[in-house]
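One structure is given here, and the rest of the page talks about it.
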Amino acid sequence: MNTAWISAGSNVGDRWAQLGRAIAALEACGRVIAVSSCYETEPVGYGDQPWFLNLAAGLETRLTPHQLLSFCQSIELAQGRVRPFPNAPRTLDLDILLYGDLILDLPDLVLPHPRLADRRFVLEPLAEIAPLLRHPVLNRSVRQLLELCPDRATVRKVETAG
């Protein structure tokens with residue numbers, strides 16, 4: 001078994017339901033071992049869109065990184081994800097942040113996620129469930145990455161839907 005850490009975000013439709021369905025769907029490819037709280041986050045990259053709900057999850061899986069990527073993309077598609085332009089609004093976005101301590105740099109998959117250390121909306125939820133997890137390239141914990149994160153976008157924990 002390998003442990004993968006995944007970021008999930010939604011800003012179109014019922015954001016809470018989209019994220020809940022995503023976590024349930026991930027159970028089909030392994031065992032979800034941790035799920036963070038939801039965080040409402042300001043859009044990054046393209047600002048003229050609704051705010052996101054984001055969370056992080058830990059998953060024990062036997063899938064290879066590429067199989068997991070394909071599985072995540074199939075979950076996105078099943079929930080109506082379309083990609084009209086970069087950073088467009090989306091029903092669901094699933095990103096593999098870390099896959100064990102694997103370092104991979106391929107055209108279709110880079111691990112750790114190349115923008116992990118620069119995104120507060122990813123680091124806040126991940127730090128909640130895995131603060132001591134180490135980035136295998138930067139050799140810093142998630143907590144340290146969050147403390148050093150240059151991103152100042154608003155990220156606030158939300159307790160319930162609505």
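Letters for chains follow the order of the structure tokens (A, B, ...), residue numbers begin at 1 for each chain, and ligand numbers begin at 1 in the order shown.
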**Selection near Asp105 of chain A, 12 Å with only C-alpha atoms, sequence-local residues under 4 positions removed, as a ChimeraX atom specification** = /A:65,109-114,137
**Item:** 12 Å contact set for Leu68 of chain A, only C-alpha atoms, chain neighbours under 6 positions out, as a list in words
**Value:**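 Skipping anything fewer than 6 positions along the chain leaves Asn2, Thr3, Ala4, Trp5, Ile6, Ala25, Leu26, Glu27, Ala28, Cys29, Gly30, Leu59, Glu60, Thr61, Arg62, Ser74, Ile75, Leu94, Asp95, Ile96, Leu97, Leu98, Tyr99 and Leu109 of chain A.
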**Request:** Could you give me, as a ChimeraX atom specification, the residues within 8 Å of Gln18 of chain A, counting only C-alpha atoms and dropping anything in the same chain fewer than 6 positions from it?
**Result:** /A:10,79,91-92
Export of the given selection (N, CA and C atoms) as a short mmCIF file (atom, residue, chain, number, x, y, z; two decimals), in the first residue's frame:
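That gives us selection.cif:
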```
data_model
loop_
_atom_site.label_atom_id
_atom_site.label_comp_id
_atom_site.auth_asym_id
_atom_site.auth_seq_id
_atom_site.Cartn_x
_atom_site.Cartn_y
_atom_site.Cartn_z
N SER A 10 -14.06 22.63 -5.07
CA SER A 10 -15.28 22.81 -5.86
C SER A 10 -15.77 24.24 -5.70
N GLN A 79 -18.61 13.99 -12.21
CA GLN A 79 -19.29 15.09 -11.53
C GLN A 79 -19.39 16.34 -12.40
N THR A 91 -16.82 22.07 -11.07
CA THR A 91 -17.62 21.29 -10.13
C THR A 91 -16.71 20.56 -9.17
N LEU A 92 -15.57 20.08 -9.67
CA LEU A 92 -14.66 19.31 -8.83
C LEU A 92 -13.26 19.34 -9.44
#
```
**Request:** Write down as a ChimeraX atom specification the residues belonging to segment 8-99 of chain A that are assigned helix (DSSP H, G or I) by DSSP computed on the backbone.
**Result:** /A:15-29,65-78
Could you turn the residues from that selection into a file that holds C-alpha atoms, as a JSON list (two decimals), in the first residue's frame?
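Final output, saved to again33.json:
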```json
[["chain", "number", "residue", "atom", "x", "y", "z"],
["A", 15, "ARG", "CA", -19.84, 22.43, -3.32],
["A", 16, "TRP", "CA", -20.38, 20.39, -0.12],
["A", 17, "ALA", "CA", -22.09, 17.55, -2.00],
["A", 18, "GLN", "CA", -19.42, 17.54, -4.72],
["A", 19, "LEU", "CA", -16.65, 17.13, -2.15],
["A", 20, "GLY", "CA", -18.59, 14.50, -0.22],
["A", 21, "ARG", "CA", -19.14, 12.46, -3.38],
["A", 22, "ALA", "CA", -15.45, 12.78, -4.26],
["A", 23, "ILE", "CA", -14.32, 11.38, -0.91],
["A", 24, "ALA", "CA", -16.85, 8.53, -1.17],
["A", 25, "ALA", "CA", -15.65, 7.76, -4.71],
["A", 26, "LEU", "CA", -12.01, 7.62, -3.56],
["A", 27, "GLU", "CA", -12.97, 4.70, -1.28],
["A", 28, "ALA", "CA", -13.29, 2.60, -4.45],
["A", 29, "CYS", "CA", -9.54, 2.76, -5.02],
["A", 65, "PRO", "CA", 0.41, 7.18, -9.47],
["A", 66, "HIS", "CA", -0.83, 7.13, -13.08],
["A", 67, "GLN", "CA", -3.73, 4.85, -12.22],
["A", 68, "LEU", "CA", -4.66, 7.16, -9.36],
["A", 69, "LEU", "CA", -4.46, 10.20, -11.64],
["A", 70, "SER", "CA", -6.79, 8.49, -14.14],
["A", 71, "PHE", "CA", -9.15, 7.49, -11.34],
["A", 72, "CYS", "CA", -9.27, 11.07, -10.01],
["A", 73, "GLN", "CA", -9.94, 12.41, -13.49],
["A", 74, "SER", "CA", -12.79, 9.92, -13.92],
["A", 75, "ILE", "CA", -14.33, 11.15, -10.64],
["A", 76, "GLU", "CA", -14.06, 14.75, -11.89],
["A", 77, "LEU", "CA", -15.71, 13.82, -15.19],
["A", 78, "ALA", "CA", -18.50, 11.91, -13.47]]
```
**Request:** Could you tell me how far atom CA of Pro43 of chain A lies from atom CA of His135 of chain A, in Å and to one decimal?
**Result:**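 Separating atom CA of Pro43 of chain A from atom CA of His135 of chain A is a distance of 24.3 Å.
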**Message:** Here is a test: counting only C-alpha atoms, which residue of A:Arg143, A:Arg115, A:Arg31, A:Arg156 is nearest to Trp51 of chain A?
**Reply:**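 Under the stated criterion, the closest residue is A:Arg156.
Of the listed residues A:Thr64, A:Ser36, A:Thr154, A:Gln49, the one whose atoms come nearest to Ala130 of chain A is A:Ser36, with distances taken using only C-alpha atoms.
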**Request:** Identify all residues of chain A in strand (DSSP E) (DSSP on the backbone) and supply them as a ChimeraX atom specification.
**Result:** /A:2-10,30-35,38-41,52-61,93-99,104-106,109-111,155-158
**Asked** For Val158 of chain A, which residue among A:Met1, A:Gly9, A:Glu128, A:Tyr39 is the nearest when counting only C-alpha atoms?
**Response**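 Residue with the minimum atom-to-atom distance to Val158 of chain A: A:Tyr39.
Going from atom CA of Pro50 of chain A to atom CA of Ile129 of chain A covers 25.7 Å.
Distance check against Glu159 of chain A using only C-alpha atoms: of A:Gly45, A:Glu40, A:Ser141, A:Val32, the minimum falls on A:Glu40.
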